[in-house]
Amino acid sequence: MLRYLAKRLVYAILVLLAVSMITFFMSTIAPGDLVNAHLSLEGGQTAYKQHTFSVRSAAYMRSAERLGTHLPLFYFTVHPIYFPDTLHRIVRKEERQVIKQLLLRNGNWQQVEAYRKNVHGLLLQLQSPQYEAMALWPAQASNDAEFLLTTSDTGRISYLMNSISHTIPTDKTDLQAIVQKLTSSYERIQNTKTNVWKLIPTIAWHGKENRYHQWIKKTIGGDLGLSLIDGRPVKTKIHEALRWTLNINVVAIILAFGIAIPLGVATARRAGRWSDRVISSVLFAFYAIPSFWLAMLCIVFLTTSEYGSWLDLFPTSGVGMVTDGMSFWERLNIRISHLLLPVFCVTVGSLAYLTRQMRGSMLRELRQDYIRMARAKGLSERVIHWRHAFRNALFPMITMVGSAFPAAISGTVILEVIFSIPGMGRLLYMSILSQDWPVVYAMVLLASCLTIGGYLITDLLYRWADPRVSLHMNKA
Amino acid sequence: MTHDITPLSLYRKTWKDKRARLAKWGLITLIGIALLADFIATEIPLYCKIDGTHRFPAIHEVLSGVGITSWSLAQESTDWKSLSYEKVLFAPVPYSATETDLKNANFKGLFDRQNLSGIRFRHWLGTDHLGRDVLAGLIHGTRITLLVGVCSILLAALFAIPLGALSGFLGDDRLRMRFPTLIVFVISMILCIYFLGMSFAAEGGVAVNAILLALISILVGIGLTLLIRKWWSRAKEIRVPVDTLFLRSIEIIRSIPSFFLLFAILGMLRTPRMLYVIMLIAFLYSPSIMRFVRAEAMKLRNQTFIQSATVLGLSDLQIVLRHIIPNAIGPALITIAFGIGSAVLIESGLSFLGIGIAPETVSWGKMLNLARSNFSAWWMALLPGAAIFLTIAIFNRLGDVLETHISGR
């Protein structure tokens with residue numbers, strides 16, 4: 001048992017690592033720039049926009065270093081041989097994308113880097129104090145030049161360059177010279193084309209100084225970053241939400257198992273009779289009912305006096321206000337009246353499935369030889385059913401315990417949105433709508449952890465109940 | 001016991017089964033509605049006579065939509081109902097799903113007084129806040145629901161059945177590879193994936209080059225394998241634990257709650273497309289099909305007809321293709337049927353929340369969501385949900401019946 005436990009634990013940790021990598025990489029390809037979002041969180045996005053390019057770059061770099069986005073993505077990177085190992089030093093996400101595209105097209109790092117340096121040089125010149133007080137053209141030209149750093153589209157680049165050289169007056173010879181340099185460096189990029197073999201990959205090793213390593217270190221330490229919407233720690237937000245989701249799901253799962261097991265046994269004992277048929281078809285219907293439809297029906301018909309005042313049974317949404325002065329019973333009353341419908345909807349969803357499983361498993365046991373043997377021995381039906389068949393039939397239900405919980409959490413997403421319960425599902429929904437990626441991916445990771453934990457507990461219970469089970473489950 | 005059930009006989013049995021009768025006709029109706037939605041519910045007349053010429057505008061509309069004909073009469077802004085016809089035949093439901101009837105806007109109910117030009121144009125199942133006909137929405141929503149549900153699960157099955165069969169049949173001991181061959185295989189796979197990834201990242205000629213390189217890496221891999229087989233026959237053979245590898249990778253996918261993952265990925269996309277939803281559902285559902293087929297293949301591999309095939313000298317690949325997969329498809333149909341049910345559930349849940357499906361498409365989930373803004377519109381809460389429920393029930397029923405036939409109960 002101990003050996004199995006150790007093996008299973010190591011395995012769970014490996015899966016967890018893989019899942020953490022998946023979530024991390026997805027979070028890095030999420031749209032938007034994390035650093036920019038943080039800069040605007042710190043206030044003064046408008047003030048930030050008024051600063052010159054160099055000031056902004058410095059602010060960006062400071063923020064990026066705090067967040068760790070200036071580091072390479074992973075322990076190693078795989079890229080075409082002609083890519084520099086230090087591409088991650090172009091910290092700005094958009095700019096890095098542009099440079100990557102140009103590199104892929106042209107295949108010559110020196111030329112691309114020269115082009116990038118020229119754009120930066122032009123920007124610095126345009127925004128230097130000597131032109132600051134001048135008319136509109138320096139601002140316009142520098143605007144165009146900044147756009148150059150966000151696009152790799154050939155037509156757009158040549159348009160922008162044209163526009164820059166026309167905006168700058170011809171008598172500013174020093175600026176025109178820089179523009180000239182820029183244009184020629186871009187032409188050089190355009191004129192060289194990469195060849196096929198340059199795409200062959202190479203591996204660059206970065207060591208521990210990378211974003212994934214920092215991220216996982218922080219995550220294990222409990223620091224999940226800040227929400228991009230209100231700047232609150234993701235951890236607090238999730239912590240608040242988790243409470244509601246757990247409350248609802250734990251109650252619902254206990255209810256579902258509490259009803260499903262006796263009901264499953266009862267229907268199995270009466271298999272084929274009309275009572276079994278009726279219950280089974282009702283359960284079949286329950287099984288197909290989308291829980292959000294049930295929730296909609298409940299909320300439309302049972303929470304307002306729209307269809308008769310006697311149907312105004314429950315509060316419409318939310319979890320109710322509880323003030324400090326209230327007694328325990330008052331609080332309980334408020335909470336129960338608000339949470340009764342959601343719990344009901346979650347329960348119905350899993351109840352049908354669990355009962356069907358229990359019934360099927362009980363029927364399977366009742367067909368076994370040892371039951372016939374028990375009958376032949378003259379045992380009473382009650383003893384056969386409860387002492388013999390039931391115990392063995394309960395065994396597959398163990399698997400359900402572990403997986404019911406993650407499934408229920410997934411299922412409550414829509415219910416929480418409908419009933420406006422500030423739980424995980426609603427938080428996830430809101431965060432996705434407002435593009436709050438740190439919260440979203442923290443939640444995906446947390447839900448995965450719960451799932452992995454659920455599977456782990458299931459396997460251990462299974463093994464505890466049946467020592468023949470091995471990690472390889474070769475006996476399907 | 002299992003190997004005498006061919007998919008065809010199973011299909012026949014299920015089709016004739018009394019218990020599946022309702023589900024069968026329900027499925028046929030659904031498919032019919034989905035296929036003919038453009039003719040059942042459309043504001044464009046099926047037939048009309050204008051200026052002495054006979055026209056079939058609805059058919060033209062559909063054909064030009066597919067791109068077969070270009071249609072001169074197709075003016076997007078034409079208000080078909082206010083045209084004066086000599087003769088006209090409207091569709092049974094003379095509204096399309098997206099047509100807004102502003103005279104009957106703001107949730108006109110089934111039994112409410114409707115502002116109409118005739119009983120022919122009544123909104124039999126009411127309207128929504130924009131005056132869109134609910135019945136037309138239900139009819140056109142069938143198409144999306146079935147498309148997503150069926151396509152995603154079939155796509156999943158397409159990948160999952162061969163993979164599951166291979167994994168179950170080969171197990172951890174059946175596939176033996178020479179050590180150098182294994183290394184060549186792994187390296188060429190990695191290279192191939194890398195180049196394909198490059199082709200996605202790059203654009204134009206570079207992308208083509210990358211695909212070319214991916215092909216080259218596969219070919220070189222095959223070439224090296226052949227060389228090794230010929231010249232390095234004394235290399236040590238090792239067992240490849242195919243089954244364990246499969247199970248472990250499936251476990252990783254299964255560990256991420258599918259609804260969360262679906263949400264997170266679809267939320268990232270700037271342009272919602274149905275194709276993405278289909279692909280994602282397929283990806284997330286394929287592990288369950290894989291596990292099922294794997295278990296089936298594992299049972300099959302110890303049966304005498306497979307063992308005799310091995311003795312007769314059939315290669316593993318032949319056995320998998322000719323014997324394992326055909327015999328595993330029958331049982332896999334159970335998961336496919338239940339899978340379509342859950343894919344429908346996922347799709348309607350997503351569109352209920354407005355994630356992943358383009359805003360202009362009308363779907364059942366989205367219609368159901370409209371009831372949240374007006375509790376007095378009970379038909380918006382009842383009808384689309386009932387449609388989702390019935391669709392799921394139909395597929396679940398089919399799955400149930402299939403299951404009883406396969407397990408022989």
# chains A, B, ... in the order shown; residues from 1 in each chain; ligands from 1
call {"tool": "residues_around", "arguments": {"residues": "range 79-86 of chain A", "least_positions_apart": "3", "cutoff": "10 Å", "atoms": "only C-alpha atoms", "output": "list in words"}}
result
Leu71, Pro72, Phe76, Arg89, Ile90, Lys100, Leu103, Leu104, Gly107, Asn108, Trp109, Gln110, Thr194, Trp197, Lys198, Leu199, Ile200, Pro201, Thr202, Ile203, Ala204, Trp205 and His206 of chain A; Tyr194, Phe195 and Met198 of chain B
call {"tool": "write_last_selection", "arguments": {"atoms": "C-alpha atoms", "output": "compact mmCIF listing (two decimals), in the first residue's frame"}}
result
# COMPACT_ATOMS: atom_id res chain seq x y z
CA LEU A 71 13.35 36.70 -18.88
CA PRO A 72 13.22 33.91 -21.44
CA PHE A 76 15.38 26.30 -23.00
CA ARG A 89 15.70 40.76 -24.42
CA ILE A 90 13.32 42.58 -26.71
CA LYS A 100 10.44 37.51 -35.17
CA LEU A 103 13.66 37.47 -39.00
CA LEU A 104 11.66 34.57 -40.35
CA GLY A 107 16.98 35.26 -42.06
CA ASN A 108 19.68 37.74 -41.14
CA TRP A 109 19.86 38.89 -37.56
CA GLN A 110 22.37 41.72 -38.18
CA THR A 194 16.00 33.34 -45.98
CA TRP A 197 17.89 25.18 -44.37
CA LYS A 198 18.09 28.12 -42.04
CA LEU A 199 14.90 26.91 -40.37
CA ILE A 200 16.73 23.96 -38.85
CA PRO A 201 16.35 24.26 -35.11
CA THR A 202 18.84 24.68 -32.38
CA ILE A 203 18.40 24.62 -28.63
CA ALA A 204 19.40 27.51 -26.43
CA TRP A 205 19.75 26.78 -22.74
CA HIS A 206 18.71 29.51 -20.33
CA TYR B 194 8.70 21.85 -34.70
CA PHE B 195 8.53 22.53 -38.42
CA MET B 198 7.07 27.08 -37.56
call {"tool": "residues_around", "arguments": {"residues": "Ser152 in chain A", "least_positions_apart": "5", "cutoff": "9 Å", "atoms": "only C-alpha atoms", "output": "PyMOL selection string"}}
result
chain A and resi 97-102+157
call {"tool": "interface_residues", "arguments": {"of": "chain A", "to": "chain B", "cutoff": "6 Å", "atoms": "only C-alpha atoms", "output": "JSON list (two decimals) with N, CA and C atoms, in the first residue's frame"}}
result
[["chain", "number", "residue", "atom", "x", "y", "z"],
["A", 15, "VAL", "N", 1.88, 14.80, -13.33],
["A", 15, "VAL", "CA", 0.74, 15.31, -14.10],
["A", 15, "VAL", "C", 0.53, 16.79, -13.77],
["A", 30, "ALA", "N", -1.96, 34.55, -24.22],
["A", 30, "ALA", "CA", -3.21, 35.31, -24.10],
["A", 30, "ALA", "C", -3.02, 36.69, -24.71],
["A", 196, "VAL", "N", 15.79, 27.70, -47.13],
["A", 196, "VAL", "CA", 15.07, 26.65, -46.42],
["A", 196, "VAL", "C", 15.84, 26.15, -45.20],
["A", 288, "ALA", "N", -30.92, 13.99, -18.92],
["A", 288, "ALA", "CA", -30.76, 14.77, -20.14],
["A", 288, "ALA", "C", -31.06, 16.25, -19.91],
["A", 289, "ILE", "N", -31.61, 16.60, -18.75],
["A", 289, "ILE", "CA", -31.96, 18.01, -18.53],
["A", 289, "ILE", "C", -30.69, 18.83, -18.36],
["A", 293, "TRP", "N", -30.90, 24.94, -17.94],
["A", 293, "TRP", "CA", -32.32, 25.10, -18.30],
["A", 293, "TRP", "C", -33.19, 25.02, -17.04],
["A", 300, "VAL", "N", -37.18, 31.81, -13.45],
["A", 300, "VAL", "CA", -38.26, 32.54, -14.12],
["A", 300, "VAL", "C", -39.59, 32.30, -13.41],
["A", 410, "SER", "N", -17.15, 22.24, -12.66],
["A", 410, "SER", "CA", -17.33, 22.65, -14.05],
["A", 410, "SER", "C", -18.79, 22.99, -14.32],
["A", 432, "ILE", "N", -13.15, 36.33, -17.90],
["A", 432, "ILE", "CA", -12.96, 36.14, -19.33],
["A", 432, "ILE", "C", -13.55, 37.30, -20.10],
["A", 444, "VAL", "N", -7.93, 28.09, -13.81],
["A", 444, "VAL", "CA", -7.78, 26.84, -14.55],
["A", 444, "VAL", "C", -6.82, 25.92, -13.80],
["A", 448, "SER", "N", -7.66, 22.38, -12.04],
["A", 448, "SER", "CA", -6.92, 21.18, -12.40],
["A", 448, "SER", "C", -6.36, 20.50, -11.17],
["A", 451, "THR", "N", -9.01, 18.60, -9.59],
["A", 451, "THR", "CA", -9.31, 17.38, -10.34],
["A", 451, "THR", "C", -8.27, 16.31, -10.08],
["A", 452, "ILE", "N", -7.01, 16.71, -10.15],
["A", 452, "ILE", "CA", -5.94, 15.74, -9.92],
["A", 452, "ILE", "C", -6.06, 15.15, -8.52],
["A", 476, "ALA", "N", -8.56, -4.09, -18.09],
["A", 476, "ALA", "CA", -9.55, -3.04, -18.34],
["A", 476, "ALA", "C", -10.94, -3.55, -18.02]]
call {"tool": "select_by_dssp", "arguments": {"residues": "range 83-323 of chain B", "states": "strand (DSSP E)", "output": "JSON list (two decimals) with C-alpha atoms, in the first residue's frame"}}
result
[["chain", "number", "residue", "atom", "x", "y", "z"],
["B", 87, "LYS", "CA", -49.11, 34.88, -56.61],
["B", 88, "VAL", "CA", -46.99, 33.99, -53.65],
["B", 89, "LEU", "CA", -46.23, 31.02, -51.44],
["B", 176, "ARG", "CA", 9.27, -3.85, -30.05],
["B", 177, "MET", "CA", 11.67, -1.46, -31.63],
["B", 178, "ARG", "CA", 15.38, -1.48, -32.14],
["B", 237, "GLU", "CA", 15.31, -4.52, -29.24],
["B", 238, "ILE", "CA", 13.30, -2.85, -26.52],
["B", 239, "ARG", "CA", 9.62, -2.80, -25.65]]
call {"tool": "residues_around", "arguments": {"residues": "Gly126 in chain B", "least_positions_apart": "6", "cutoff": "6 Å", "atoms": "only C-alpha atoms", "output": "PyMOL selection string"}}
result
chain B and resi 108-110+134
call {"tool": "write_last_selection", "arguments": {"atoms": "C-alpha atoms", "output": "mmCIF file, in the first residue's frame"}}
result
data_model
loop_
_atom_site.group_PDB
_atom_site.id
_atom_site.type_symbol
_atom_site.label_atom_id
_atom_site.label_comp_id
_atom_site.auth_asym_id
_atom_site.auth_seq_id
_atom_site.Cartn_x
_atom_site.Cartn_y
_atom_site.Cartn_z
ATOM 1 C CA LYS B 108 -44.699 39.301 -27.698
ATOM 2 C CA GLY B 109 -46.030 36.079 -26.251
ATOM 3 C CA LEU B 110 -47.785 33.113 -27.773
ATOM 4 C CA VAL B 134 -38.882 32.194 -31.735
#
call {"tool": "residues_around", "arguments": {"residues": "Leu158 in chain B", "least_positions_apart": "5", "cutoff": "10 Å", "atoms": "only C-alpha atoms", "output": "ChimeraX atom specification"}}
result
/B:152-153,163,282,286,289
call {"tool": "write_last_selection", "arguments": {"atoms": "C-alpha atoms", "output": "PDB file, in the first residue's frame"}}
result
ATOM      1  CA  SER B 152     -17.089  17.577 -33.034  1.00  0.00           C
ATOM      2  CA  ILE B 153     -17.704  14.043 -31.836  1.00  0.00           C
ATOM      3  CA  LEU B 163      -5.229   5.739 -31.356  1.00  0.00           C
ATOM      4  CA  ALA B 282     -13.372  17.203 -30.271  1.00  0.00           C
ATOM      5  CA  SER B 286     -11.449  12.365 -27.570  1.00  0.00           C
ATOM      6  CA  ILE B 289     -13.556   7.681 -26.687  1.00  0.00           C
TER       7      ILE B 289
END
call {"tool": "atom_distance", "arguments": {"atom1": "CA of Val293 in chain B", "atom2": "CA of Leu394 in chain A"}}
result
25.7 Å
call {"tool": "closest_residue", "arguments": {"among": "A:Gly325, A:Gly378, A:Pro290, A:Gly264", "to": "Leu363 in chain A", "atoms": "only C-alpha atoms"}}
result
A:Gly264
call {"tool": "atom_distance", "arguments": {"atom1": "CA of Val234 in chain A", "atom2": "CA of Val439 in chain A"}}
result
5.7 Å
call {"tool": "residues_around", "arguments": {"residues": "Ala358 in chain B", "least_positions_apart": "5", "cutoff": "8 Å", "atoms": "only C-alpha atoms", "output": "NGL selection string"}}
result
:B and (271-274)
call {"tool": "write_last_selection", "arguments": {"atoms": "C-alpha atoms", "output": "short mmCIF file (atom, residue, chain, number, x, y, z; two decimals), in the first residue's frame"}}
result
data_model
loop_
_atom_site.label_atom_id
_atom_site.label_comp_id
_atom_site.auth_asym_id
_atom_site.auth_seq_id
_atom_site.Cartn_x
_atom_site.Cartn_y
_atom_site.Cartn_z
CA THR B 271 -12.89 36.27 -33.71
CA PRO B 272 -15.28 33.56 -32.54
CA ARG B 273 -15.66 30.78 -35.06
CA MET B 274 -17.74 27.66 -34.90
#
call {"tool": "closest_residue", "arguments": {"among": "A:Leu2, A:Ala442, A:Pro406, A:Ala58", "to": "Thr236 in chain A", "atoms": "only C-alpha atoms"}}
result
A:Ala442
call {"tool": "closest_residue", "arguments": {"among": "A:Val10, A:Glu95, A:Ser54, A:Ala393", "to": "Gln127 in chain A", "atoms": "only C-alpha atoms"}}
result
A:Ser54
call {"tool": "residues_around", "arguments": {"residues": "Ala6 in chain A", "least_positions_apart": "5", "cutoff": "12 Å", "atoms": "only C-alpha atoms", "output": "list in words"}}
result
Met1, Tyr11, Ala12, Ile13, Leu456, Leu460 and Leu471 of chain A
call {"tool": "residues_around", "arguments": {"residues": "range 214-220 of chain A", "least_positions_apart": "5", "cutoff": "10 Å", "atoms": "only C-alpha atoms", "output": "PyMOL selection string"}}
result
chain A and resi 17+20-21+24+67-69+71+73-74+208-209+225+235+442+445
call {"tool": "atom_distance", "arguments": {"atom1": "CA of Ser217 in chain B", "atom2": "CA of Val186 in chain B"}}
result
11.1 Å
